[in-house]
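run.pdb (PDB, C-alpha atoms)
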ATOM      1  CA  MET A   1     -17.943   7.061 -47.472  1.00  0.00           C
ATOM      2  CA  SER A   2     -18.891   6.131 -51.013  1.00  0.00           C
ATOM      3  CA  VAL A   3     -17.014   3.133 -52.353  1.00  0.00           C
ATOM      4  CA  GLY A   4     -17.102   2.166 -56.000  1.00  0.00           C
ATOM      5  CA  LEU A   5     -14.971   1.270 -58.982  1.00  0.00           C
ATOM      6  CA  LYS A   6     -13.195   4.654 -59.160  1.00  0.00           C
ATOM      7  CA  ASP A   7     -12.724   4.882 -55.396  1.00  0.00           C
ATOM      8  CA  VAL A   8     -10.748   1.640 -55.116  1.00  0.00           C
ATOM      9  CA  GLU A   9      -7.592   2.703 -56.944  1.00  0.00           C
ATOM     10  CA  CYS A  10      -3.868   2.899 -56.428  1.00  0.00           C
ATOM     11  CA  PRO A  11      -2.817   6.176 -58.120  1.00  0.00           C
ATOM     12  CA  GLN A  12       0.763   5.069 -58.793  1.00  0.00           C
ATOM     13  CA  VAL A  13      -0.232   2.248 -61.135  1.00  0.00           C
ATOM     14  CA  ALA A  14      -3.942   3.083 -61.498  1.00  0.00           C
ATOM     15  CA  THR A  15      -4.955  -0.306 -60.119  1.00  0.00           C
ATOM     16  CA  ALA A  16      -8.679  -0.826 -59.674  1.00  0.00           C
ATOM     17  CA  ILE A  17     -10.824  -3.573 -58.185  1.00  0.00           C
ATOM     18  CA  LEU A  18     -14.205  -4.630 -59.519  1.00  0.00           C
ATOM     19  CA  ALA A  19     -16.288  -6.533 -56.969  1.00  0.00           C
ATOM     20  CA  VAL A  20     -19.864  -7.766 -57.492  1.00  0.00           C
ATOM     21  CA  ARG A  21     -22.135 -10.511 -56.179  1.00  0.00           C
ATOM     22  CA  LYS A  22     -24.580 -12.404 -58.392  1.00  0.00           C
ATOM     23  CA  THR A  23     -27.621 -13.872 -56.657  1.00  0.00           C
ATOM     24  CA  GLY A  24     -31.001 -15.226 -57.646  1.00  0.00           C
ATOM     25  CA  LEU A  25     -32.449 -17.932 -59.826  1.00  0.00           C
ATOM     26  CA  GLY A  26     -34.059 -17.007 -63.109  1.00  0.00           C
ATOM     27  CA  THR A  27     -33.403 -13.285 -63.478  1.00  0.00           C
ATOM     28  CA  PRO A  28     -29.980 -12.656 -61.905  1.00  0.00           C
ATOM     29  CA  VAL A  29     -29.365  -9.746 -59.558  1.00  0.00           C
ATOM     30  CA  ILE A  30     -25.973  -8.142 -58.958  1.00  0.00           C
ATOM     31  CA  SER A  31     -25.063  -6.246 -55.820  1.00  0.00           C
ATOM     32  CA  GLY A  32     -21.934  -5.278 -53.956  1.00  0.00           C
ATOM     33  CA  LEU A  33     -19.120  -2.795 -54.090  1.00  0.00           C
ATOM     34  CA  CYS A  34     -19.309  -2.007 -57.825  1.00  0.00           C
ATOM     35  CA  ALA A  35     -22.835  -3.067 -58.809  1.00  0.00           C
ATOM     36  CA  ALA A  36     -23.762   0.520 -59.719  1.00  0.00           C
ATOM     37  CA  HIS A  37     -21.087   0.420 -62.459  1.00  0.00           C
ATOM     38  CA  CYS A  38     -22.175  -2.949 -63.907  1.00  0.00           C
ATOM     39  CA  SER A  39     -25.014  -4.771 -65.575  1.00  0.00           C
ATOM     40  CA  VAL A  40     -25.635  -8.499 -65.928  1.00  0.00           C
ATOM     41  CA  VAL A  41     -26.831 -10.498 -68.933  1.00  0.00           C
ATOM     42  CA  ASP A  42     -28.366 -13.945 -68.414  1.00  0.00           C
ATOM     43  CA  ASN A  43     -27.107 -16.063 -71.341  1.00  0.00           C
ATOM     44  CA  GLY A  44     -28.879 -19.232 -70.168  1.00  0.00           C
ATOM     45  CA  VAL A  45     -28.628 -21.689 -67.301  1.00  0.00           C
ATOM     46  CA  GLY A  46     -25.438 -20.986 -65.357  1.00  0.00           C
ATOM     47  CA  ASP A  47     -24.088 -18.572 -67.998  1.00  0.00           C
ATOM     48  CA  TYR A  48     -23.766 -14.868 -67.152  1.00  0.00           C
ATOM     49  CA  THR A  49     -21.987 -11.863 -68.612  1.00  0.00           C
ATOM     50  CA  ILE A  50     -21.116  -8.991 -66.282  1.00  0.00           C
ATOM     51  CA  VAL A  51     -20.583  -5.775 -68.280  1.00  0.00           C
ATOM     52  CA  VAL A  52     -18.659  -2.903 -66.706  1.00  0.00           C
ATOM     53  CA  ASN A  53     -20.401   0.287 -67.793  1.00  0.00           C
ATOM     54  CA  THR A  54     -17.558   2.747 -67.292  1.00  0.00           C
ATOM     55  CA  LYS A  55     -15.995   5.130 -69.773  1.00  0.00           C
ATOM     56  CA  ARG A  56     -12.579   3.502 -69.653  1.00  0.00           C
ATOM     57  CA  PRO A  57     -11.946  -0.237 -69.553  1.00  0.00           C
ATOM     58  CA  PHE A  58      -8.840  -1.702 -68.012  1.00  0.00           C
ATOM     59  CA  LEU A  59      -5.957  -0.949 -70.396  1.00  0.00           C
ATOM     60  CA  GLN A  60      -3.751  -3.816 -69.247  1.00  0.00           C
ATOM     61  CA  GLY A  61      -4.505  -7.449 -68.523  1.00  0.00           C
ATOM     62  CA  CYS A  62      -6.986  -8.394 -65.829  1.00  0.00           C
ATOM     63  CA  ILE A  63      -6.997 -11.054 -63.163  1.00  0.00           C
ATOM     64  CA  ALA A  64     -10.375 -12.443 -62.086  1.00  0.00           C
ATOM     65  CA  THR A  65     -11.807 -14.961 -59.679  1.00  0.00           C
ATOM     66  CA  ALA A  66     -15.342 -16.160 -58.974  1.00  0.00           C
ATOM     67  CA  THR A  67     -16.176 -17.821 -55.671  1.00  0.00           C
ATOM     68  CA  LEU A  68     -19.331 -19.921 -55.627  1.00  0.00           C
ATOM     69  CA  HIS A  69     -21.706 -19.807 -52.662  1.00  0.00           C
ATOM     70  CA  GLN A  70     -22.505 -23.533 -53.129  1.00  0.00           C
ATOM     71  CA  SER A  71     -20.553 -26.572 -54.270  1.00  0.00           C
ATOM     72  CA  GLY A  72     -19.766 -26.517 -57.966  1.00  0.00           C
ATOM     73  CA  ILE A  73     -17.355 -25.222 -60.574  1.00  0.00           C
ATOM     74  CA  ALA A  74     -17.037 -21.771 -62.182  1.00  0.00           C
ATOM     75  CA  THR A  75     -15.175 -20.733 -65.324  1.00  0.00           C
ATOM     76  CA  ILE A  76     -14.320 -17.157 -66.311  1.00  0.00           C
ATOM     77  CA  ASP A  77     -13.655 -15.538 -69.701  1.00  0.00           C
ATOM     78  CA  LEU A  78     -12.544 -11.895 -69.916  1.00  0.00           C
ATOM     79  CA  ALA A  79     -13.088  -9.615 -72.905  1.00  0.00           C
ATOM     80  CA  ASN A  80     -11.717  -6.067 -72.799  1.00  0.00           C
ATOM     81  CA  THR A  81     -13.080  -4.180 -75.799  1.00  0.00           C
ATOM     82  CA  THR A  82     -14.809  -0.805 -75.429  1.00  0.00           C
ATOM     83  CA  LYS A  83     -16.180  -2.163 -72.140  1.00  0.00           C
ATOM     84  CA  LEU A  84     -14.873  -4.910 -69.901  1.00  0.00           C
ATOM     85  CA  GLN A  85     -17.065  -8.009 -70.139  1.00  0.00           C
ATOM     86  CA  VAL A  86     -16.668 -10.926 -67.745  1.00  0.00           C
ATOM     87  CA  ARG A  87     -18.435 -14.152 -68.673  1.00  0.00           C
ATOM     88  CA  VAL A  88     -18.955 -16.540 -65.775  1.00  0.00           C
ATOM     89  CA  LYS A  89     -20.258 -20.056 -66.338  1.00  0.00           C
ATOM     90  CA  THR A  90     -21.310 -22.164 -63.373  1.00  0.00           C
ATOM     91  CA  PHE A  91     -21.599 -25.942 -63.266  1.00  0.00           C
ATOM     92  CA  ALA A  92     -22.608 -28.733 -60.933  1.00  0.00           C
ATOM     93  CA  VAL A  93     -19.819 -30.612 -59.163  1.00  0.00           C
ATOM     94  CA  ASP A  94     -19.441 -32.931 -62.189  1.00  0.00           C
ATOM     95  CA  GLY A  95     -18.073 -29.949 -64.170  1.00  0.00           C
ATOM     96  CA  THR A  96     -20.247 -30.574 -67.234  1.00  0.00           C
ATOM     97  CA  THR A  97     -23.842 -29.906 -66.149  1.00  0.00           C
ATOM     98  CA  ALA A  98     -24.719 -26.194 -66.280  1.00  0.00           C
ATOM     99  CA  ALA A  99     -26.244 -25.098 -62.966  1.00  0.00           C
ATOM    100  CA  GLU A 100     -27.645 -21.927 -61.434  1.00  0.00           C
ATOM    101  CA  LYS A 101     -25.124 -20.820 -58.771  1.00  0.00           C
ATOM    102  CA  ASP A 102     -24.669 -17.640 -56.786  1.00  0.00           C
ATOM    103  CA  PHE A 103     -21.129 -16.233 -56.812  1.00  0.00           C
ATOM    104  CA  ASP A 104     -18.856 -13.374 -55.816  1.00  0.00           C
ATOM    105  CA  LEU A 105     -16.726 -11.951 -58.635  1.00  0.00           C
ATOM    106  CA  ILE A 106     -13.534  -9.950 -58.163  1.00  0.00           C
ATOM    107  CA  VAL A 107     -11.531  -8.498 -61.062  1.00  0.00           C
ATOM    108  CA  LEU A 108      -8.200  -6.730 -60.553  1.00  0.00           C
ATOM    109  CA  GLY A 109      -6.904  -4.589 -63.404  1.00  0.00           C
ATOM    110  CA  SER A 110      -5.013  -1.423 -64.263  1.00  0.00           C
ATOM    111  CA  TYR A 111      -5.879   1.812 -66.051  1.00  0.00           C
ATOM    112  CA  SER A 112      -2.174   2.616 -66.474  1.00  0.00           C
ATOM    113  CA  GLN A 113      -0.638   2.621 -69.957  1.00  0.00           C
ATOM    114  CA  ASP A 114       2.594   0.958 -68.801  1.00  0.00           C
ATOM    115  CA  SER A 115       1.591  -1.258 -65.875  1.00  0.00           C
ATOM    116  CA  THR A 116       1.476  -5.028 -66.354  1.00  0.00           C
ATOM    117  CA  TYR A 117       0.761  -8.037 -64.148  1.00  0.00           C
TER     118      TYR A 117
END
Rewrite the structure from the file as structure tokens, please.
Amino acid sequence: MSVGLKDVECPQVATAILAVRKTGLGTPVISGLCAAHCSVVDNGVGDYTIVVNTKRPFLQGCIATATLHQSGIATIDLANTTKLQVRVKTFAVDGTTAAEKDFDLIVLGSYSQDSTY
């Protein structure tokens, strides 16, 4: 069974889940359920942008979470223009020092014109 961004949908409200894992120091690597639909940009230490390379971005608001593999803090910014972009910044436990951290990212959104969260 092939599982990807289009395959994880609820047809009634066109809900879709984006799930990727970022690993590696230096050049980041993404893997996981939807990695084939995404690319990653390394913006600097602990600063990554995951770009969803699909023809249609989520039309309604998105909900996202990043779970770190080590102790620390993660922040998320979502931009939904022609492509969904998720910027994840990772920090040491102090919350101010940028740090290289591995994380799992999950974004829940909708392709429906009239569905909201």
Have a look at CA of Leu105 in chain A and CA of Gly26 in chain A and let me know their distance in Å, one decimal. 18.6 Å
Need to verify the contact set: Asp104 in chain A, 8 Å, all atoms listed in the file, exclusion of same-chain residues closer than 2 positions in sequence. Can you return it as a PyMOL selection string? chain A and resi 19-22+66-69+102+106
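With distances restricted to all atoms listed in the file, A:Val45 is the closest residue to Ala92 in chain A from A:Leu78, A:Ile50, A:Val107, A:Val45.
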Can you tell me how far CA of Val88 in chain A sits from CA of Ile76 in chain A, in Å to one decimal? 4.7 Å
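Across A:Ile17, A:Val29, A:Leu108, A:Cys38, the tightest approach to Ala64 in chain A is made by A:Leu108 when counting only C-alpha atoms.
Separating CA of Ala16 in chain A from CA of Arg87 in chain A is a distance of 18.8 Å.
Each of A:Val52, A:Val93, A:Ala98, A:Val86 was compared to His37 in chain A using only C-alpha atoms, and A:Val52 turns out to be the nearest.
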Written as a PyMOL selection string, what is the full residue list that the PyMOL selection byres ((chain A and resi 75) around 7) yields on the file shown? chain A and resi 73-74+76-77+88-90
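Using all atoms listed in the file for every distance, the candidate list A:Leu18, A:Cys62, A:Ala36, A:Ile30 yields A:Ile30 as the residue closest to Tyr48 in chain A.
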Answer key for the PyMOL selection byres ((chain A and resi 27) around 10), residues as a ChimeraX atom specification: /A:23-26,28-29,40-42
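For the set A:Thr54, A:Ser31, A:Asn43, A:Thr49, the residue with the smallest atom-to-atom gap to Lys83 in chain A is A:Thr54, counting all atoms listed in the file.
In terms of minimum interatomic distance to Leu84 in chain A, A:Ser39 ranks closest within A:Ser39, A:Gln70, A:Ala99, A:Gly46, counting all atoms listed in the file.
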Build an axis-aligned box that encloses every atom of range 92-98 of chain A listed in the file, pad it by 8 Å on each side, and report its centre and edge lengths in Å to one decimal, as JSON.
{"center_x": -21.4, "center_y": -29.6, "center_z": -63.2, "size_x": 22.6, "size_y": 22.7, "size_z": 24.1}
